[in-house]
Amino acid sequence: MSDLTDLGLSSYEAHAYRALLSLGPATAREVAEAGDVPMGRIYDVLNGLSGRDLVTARDGDPTRYVAADPDAATDRLLAERRAELRDRLDRYEAVAASVGEELAPLVPTESQFWSIGLGGEAAATAMREQFERATESIRSVVAAPYDAAAAADYEAEVEAYLERVDEGLEVELLTTPSLVERGPTDRLAAALESAADFALRTTSPIHLTYEVLDDREVYVDVPAPFAAGERVGGVVVRDGDAAAEFETRFREAWADATPVEPADLAE
C-alpha cells in the first residue's frame with residue numbers, strides 16, 4: 001500500500017488522515033484512538049492537516065473533523081511536492097553555476113586543453129592549482145605571451161609563481177633579459193636571496209612558455225594567434241616521454257644561459 005509519507009505527510013498525519021477516512025466526522029480523541037496518535041500530539045496533527053486543506057474542522061462541542069476527498073487530497077500533496085522539487089531544482093542550478101565558476105580555472109585531470117586568459121585572479125588560481133601538483137621540482141621557460149604584455153597585466157601570476165619558491169621545491173626559471181628587466185626585480189632579488197633552491201637564468205630568443213613539474217608533467221602556454229600579449233589557454237601533457245623531451249631541451253638551454261644574481265637585479 002502506498003505511503004502518504006512519500007507525498008510529504010508525517011507518520012502521525014498519515015495515520016490521522018486514514019483514520020478520518022474510515023471514521024467519517026470524528027472528534028480529536030476518536031481520531032487519536034483510531035489512528036494510534038498520542039493525545040498530546042493530535043491537535044497539532046489535525047491543525048497541520050487543516051492548514052493544508054486535507055481536513056476540515058466543523059464547529060461544535062466538541063469540534064469534529066472531516067477528511068478531504070482522497071483524490072483532492074492527493075492532488076494537493078502532489079502539487080506541494082512539485083513546488084518543492086522546482087524550488088530544489090532552482091537551488092541546485094544556482095549552486096551548479098556557482099561551483100562551475102569556481103572550478104573553471106582548475107587544471108584538467110587529463111592531458112588536454114583548458115581555456116585561461118593572461119593575468120587576473122583566475123589565471124593566478126590556475127597557476128597555483130597547477131604548481132601544487134609539484135612535490136620536487138619546477139622547470140620554467142617563460143616568453144610569449146608575457147614578453148608582449150605589460151608587467152601589470154600578469155603581476156598576479158608572478159606572485160603566484162614566487163609563492164612556490166620558498167616551499168622546498170627546486171625551482172629553475174629560464175626567461176629573457178627583457179622580461180627580467182621588466183620586473184618585478186625587487187621580488188625576484190628577494191626570492192633569489194631567500195630560497196637556496198631557486199635559480200634564474202636568461203637567454204634569447206625563446207619562442208615558447210612551458211613548465212615541467214617533477215619530470216612527469218608539462219604545462220604549455222598557448223598564446224593568442226592574432227593578439228600579442230594575450231593567451232587563449234594552456235595544454236596539459238601528462239606523458240613521461242614528452243616530459244623527458246621537454247626536460248632535455250630545458251637542460252640544454254639552461255647550460256648555455258646566463259645566471260642572474262640578486263646583485264644584477266639591483267643595478
# chains A, B, ... in the order shown; residues from 1 in each chain; ligands from 1

call {"tool": "closest_atom_pairs", "arguments": {"of": "region 120-156 of chain A", "to": "region 193-200 of chain A", "cutoff": "10 Å", "atoms": "only C-alpha atoms", "output": "JSON lines"}}
result
{"residue": "A:Ser137", "atom": "CA", "partner": "A:Asp197", "partner_atom": "CA", "distance": 9.3}
{"residue": "A:Ile138", "atom": "CA", "partner": "A:Phe198", "partner_atom": "CA", "distance": 9.7}
{"residue": "A:Arg139", "atom": "CA", "partner": "A:Ala199", "partner_atom": "CA", "distance": 9.9}
{"residue": "A:Ser140", "atom": "CA", "partner": "A:Leu200", "partner_atom": "CA", "distance": 9.6}

call {"tool": "residues_around", "arguments": {"residues": "region 207-220 of chain A", "least_positions_apart": "5", "cutoff": "6 Å", "atoms": "only C-alpha atoms", "output": "ChimeraX atom specification"}}
result
/A:134,136-143,234-238,240,243

call {"tool": "closest_residue", "arguments": {"among": "A:Thr175, A:Leu54, A:Gly35, A:Val180", "to": "Asp71 (chain A)", "atoms": "only C-alpha atoms"}}
result
A:Leu54

call {"tool": "residues_around", "arguments": {"residues": "region 145-151 of chain A", "least_positions_apart": "5", "cutoff": "8 Å", "atoms": "only C-alpha atoms", "output": "PDB file with N, CA and C atoms, in the first residue's frame"}}
result
ATOM      1  N   SER A 178      64.916  40.822 -21.271  1.00  0.00           N
ATOM      2  CA  SER A 178      63.927  41.906 -21.234  1.00  0.00           C
ATOM      3  C   SER A 178      62.827  41.650 -20.220  1.00  0.00           C
ATOM      4  N   LEU A 179      62.413  40.401 -20.062  1.00  0.00           N
ATOM      5  CA  LEU A 179      61.391  40.099 -19.065  1.00  0.00           C
ATOM      6  C   LEU A 179      61.924  40.279 -17.654  1.00  0.00           C
ATOM      7  N   ARG A 182      62.000  43.934 -16.902  1.00  0.00           N
ATOM      8  CA  ARG A 182      60.657  44.472 -16.713  1.00  0.00           C
ATOM      9  C   ARG A 182      60.167  44.258 -15.284  1.00  0.00           C
ATOM     10  N   GLY A 183      60.737  43.281 -14.602  1.00  0.00           N
ATOM     11  CA  GLY A 183      60.428  43.086 -13.197  1.00  0.00           C
ATOM     12  C   GLY A 183      59.324  42.078 -12.931  1.00  0.00           C
ATOM     13  N   THR A 209      56.482  29.205 -23.941  1.00  0.00           N
ATOM     14  CA  THR A 209      56.409  29.202 -22.478  1.00  0.00           C
ATOM     15  C   THR A 209      55.880  27.855 -22.015  1.00  0.00           C
ATOM     16  N   PRO A 223      49.629  31.046 -26.715  1.00  0.00           N
ATOM     17  CA  PRO A 223      49.363  32.471 -26.935  1.00  0.00           C
ATOM     18  C   PRO A 223      48.231  32.669 -27.935  1.00  0.00           C
ATOM     19  N   ALA A 224      47.549  33.808 -27.817  1.00  0.00           N
ATOM     20  CA  ALA A 224      46.518  34.148 -28.796  1.00  0.00           C
ATOM     21  C   ALA A 224      47.173  34.315 -30.163  1.00  0.00           C
ATOM     22  N   ALA A 228      49.092  39.975 -29.779  1.00  0.00           N
ATOM     23  CA  ALA A 228      50.296  39.871 -28.963  1.00  0.00           C
ATOM     24  C   ALA A 228      49.974  40.200 -27.509  1.00  0.00           C
ATOM     25  N   GLY A 229      50.614  39.471 -26.600  1.00  0.00           N
ATOM     26  CA  GLY A 229      50.420  39.741 -25.182  1.00  0.00           C
ATOM     27  C   GLY A 229      49.164  39.149 -24.592  1.00  0.00           C
ATOM     28  N   GLU A 230      48.524  38.240 -25.316  1.00  0.00           N
ATOM     29  CA  GLU A 230      47.324  37.586 -24.800  1.00  0.00           C
ATOM     30  C   GLU A 230      47.482  36.073 -24.914  1.00  0.00           C
ATOM     31  N   ARG A 231      46.730  35.350 -24.089  1.00  0.00           N
ATOM     32  CA  ARG A 231      46.779  33.888 -24.075  1.00  0.00           C
ATOM     33  C   ARG A 231      45.365  33.345 -24.195  1.00  0.00           C
TER      34      ARG A 231
END

call {"tool": "residues_around", "arguments": {"residues": "Tyr161 (chain A)", "least_positions_apart": "3", "cutoff": "12 Å", "atoms": "only C-alpha atoms", "output": "ChimeraX atom specification"}}
result
/A:123-132,138-140,142,154-158,164-167,169,171-173,187-188,191,198,211

call {"tool": "decode", "arguments": {"residues": "region 103-188 of chain A", "atoms": "C-alpha atoms", "output": "PDB file, in the first residue's frame"}}
result
ATOM      1  CA  LEU A 103      36.198  25.319 -10.835  1.00  0.00           C
ATOM      2  CA  ALA A 104      36.662  26.919 -14.237  1.00  0.00           C
ATOM      3  CA  PRO A 105      40.315  27.900 -13.666  1.00  0.00           C
ATOM      4  CA  LEU A 106      41.295  24.485 -12.335  1.00  0.00           C
ATOM      5  CA  VAL A 107      43.798  22.436 -14.262  1.00  0.00           C
ATOM      6  CA  PRO A 108      42.295  19.464 -16.150  1.00  0.00           C
ATOM      7  CA  THR A 109      42.888  15.994 -14.699  1.00  0.00           C
ATOM      8  CA  GLU A 110      43.955  14.518 -18.053  1.00  0.00           C
ATOM      9  CA  SER A 111      46.134  15.661 -20.929  1.00  0.00           C
ATOM     10  CA  GLN A 112      44.064  18.303 -22.691  1.00  0.00           C
ATOM     11  CA  PHE A 113      43.483  21.985 -23.380  1.00  0.00           C
ATOM     12  CA  TRP A 114      41.939  24.349 -20.882  1.00  0.00           C
ATOM     13  CA  SER A 115      40.895  27.918 -21.510  1.00  0.00           C
ATOM     14  CA  ILE A 116      42.548  30.577 -19.348  1.00  0.00           C
ATOM     15  CA  GLY A 117      43.443  34.141 -20.283  1.00  0.00           C
ATOM     16  CA  LEU A 118      46.534  36.066 -19.269  1.00  0.00           C
ATOM     17  CA  GLY A 119      46.621  37.778 -15.895  1.00  0.00           C
ATOM     18  CA  GLY A 120      43.989  38.275 -13.226  1.00  0.00           C
ATOM     19  CA  GLU A 121      42.992  36.146 -10.276  1.00  0.00           C
ATOM     20  CA  ALA A 122      41.594  33.346 -12.440  1.00  0.00           C
ATOM     21  CA  ALA A 123      44.994  32.865 -14.076  1.00  0.00           C
ATOM     22  CA  ALA A 124      46.772  33.093 -10.712  1.00  0.00           C
ATOM     23  CA  THR A 125      44.412  30.488  -9.267  1.00  0.00           C
ATOM     24  CA  ALA A 126      45.076  28.191 -12.206  1.00  0.00           C
ATOM     25  CA  MET A 127      48.820  28.586 -11.707  1.00  0.00           C
ATOM     26  CA  ARG A 128      48.542  27.748  -8.005  1.00  0.00           C
ATOM     27  CA  GLU A 129      46.452  24.673  -8.813  1.00  0.00           C
ATOM     28  CA  GLN A 130      48.986  23.666 -11.427  1.00  0.00           C
ATOM     29  CA  PHE A 131      52.093  24.140  -9.280  1.00  0.00           C
ATOM     30  CA  GLU A 132      50.577  22.459  -6.229  1.00  0.00           C
ATOM     31  CA  ARG A 133      50.970  19.206  -8.138  1.00  0.00           C
ATOM     32  CA  ALA A 134      54.751  19.591  -7.960  1.00  0.00           C
ATOM     33  CA  THR A 135      56.469  17.955  -4.989  1.00  0.00           C
ATOM     34  CA  GLU A 136      60.109  18.059  -6.115  1.00  0.00           C
ATOM     35  CA  SER A 137      60.876  20.445  -8.963  1.00  0.00           C
ATOM     36  CA  ILE A 138      59.573  23.054 -11.387  1.00  0.00           C
ATOM     37  CA  ARG A 139      61.478  23.915 -14.578  1.00  0.00           C
ATOM     38  CA  SER A 140      60.057  27.010 -16.244  1.00  0.00           C
ATOM     39  CA  VAL A 141      60.665  28.604 -19.612  1.00  0.00           C
ATOM     40  CA  VAL A 142      58.902  31.965 -19.893  1.00  0.00           C
ATOM     41  CA  ALA A 143      58.490  34.084 -23.014  1.00  0.00           C
ATOM     42  CA  ALA A 144      55.314  34.569 -25.093  1.00  0.00           C
ATOM     43  CA  PRO A 145      52.763  35.906 -24.381  1.00  0.00           C
ATOM     44  CA  TYR A 146      54.356  37.632 -21.373  1.00  0.00           C
ATOM     45  CA  ASP A 147      57.065  39.288 -23.449  1.00  0.00           C
ATOM     46  CA  ALA A 148      54.466  41.301 -25.357  1.00  0.00           C
ATOM     47  CA  ALA A 149      52.265  42.186 -22.364  1.00  0.00           C
ATOM     48  CA  ALA A 150      52.580  44.939 -19.779  1.00  0.00           C
ATOM     49  CA  ALA A 151      54.101  43.758 -16.495  1.00  0.00           C
ATOM     50  CA  ALA A 152      50.999  44.849 -14.601  1.00  0.00           C
ATOM     51  CA  ASP A 153      48.886  42.508 -16.736  1.00  0.00           C
ATOM     52  CA  TYR A 154      50.494  39.387 -15.275  1.00  0.00           C
ATOM     53  CA  GLU A 155      51.564  40.614 -11.836  1.00  0.00           C
ATOM     54  CA  ALA A 156      49.162  38.239 -10.061  1.00  0.00           C
ATOM     55  CA  GLU A 157      50.696  35.277 -11.897  1.00  0.00           C
ATOM     56  CA  VAL A 158      54.214  36.335 -10.906  1.00  0.00           C
ATOM     57  CA  GLU A 159      53.160  36.478  -7.260  1.00  0.00           C
ATOM     58  CA  ALA A 160      51.549  33.034  -7.500  1.00  0.00           C
ATOM     59  CA  TYR A 161      54.752  31.663  -9.028  1.00  0.00           C
ATOM     60  CA  LEU A 162      57.043  33.166  -6.402  1.00  0.00           C
ATOM     61  CA  GLU A 163      54.848  31.761  -3.617  1.00  0.00           C
ATOM     62  CA  ARG A 164      56.174  28.298  -4.533  1.00  0.00           C
ATOM     63  CA  VAL A 165      59.837  29.315  -4.450  1.00  0.00           C
ATOM     64  CA  ASP A 166      60.178  29.118  -0.661  1.00  0.00           C
ATOM     65  CA  GLU A 167      58.359  25.805  -0.266  1.00  0.00           C
ATOM     66  CA  GLY A 168      61.274  23.373  -0.550  1.00  0.00           C
ATOM     67  CA  LEU A 169      60.994  22.806  -4.289  1.00  0.00           C
ATOM     68  CA  GLU A 170      63.884  23.009  -6.724  1.00  0.00           C
ATOM     69  CA  VAL A 171      62.751  25.843  -8.999  1.00  0.00           C
ATOM     70  CA  GLU A 172      64.645  26.896 -12.120  1.00  0.00           C
ATOM     71  CA  LEU A 173      63.355  29.793 -14.194  1.00  0.00           C
ATOM     72  CA  LEU A 174      64.695  30.433 -17.695  1.00  0.00           C
ATOM     73  CA  THR A 175      63.476  33.611 -19.369  1.00  0.00           C
ATOM     74  CA  THR A 176      64.632  36.523 -21.499  1.00  0.00           C
ATOM     75  CA  PRO A 177      66.720  39.501 -20.318  1.00  0.00           C
ATOM     76  CA  SER A 178      63.927  41.906 -21.234  1.00  0.00           C
ATOM     77  CA  LEU A 179      61.391  40.099 -19.065  1.00  0.00           C
ATOM     78  CA  VAL A 180      63.782  40.172 -16.110  1.00  0.00           C
ATOM     79  CA  GLU A 181      64.397  43.881 -16.584  1.00  0.00           C
ATOM     80  CA  ARG A 182      60.657  44.472 -16.713  1.00  0.00           C
ATOM     81  CA  GLY A 183      60.428  43.086 -13.197  1.00  0.00           C
ATOM     82  CA  PRO A 184      59.405  42.848 -10.526  1.00  0.00           C
ATOM     83  CA  THR A 185      63.164  42.941  -9.922  1.00  0.00           C
ATOM     84  CA  ASP A 186      62.827  43.529  -6.177  1.00  0.00           C
ATOM     85  CA  ARG A 187      60.660  40.418  -5.684  1.00  0.00           C
ATOM     86  CA  LEU A 188      62.948  38.331  -7.871  1.00  0.00           C
TER      87      LEU A 188
END
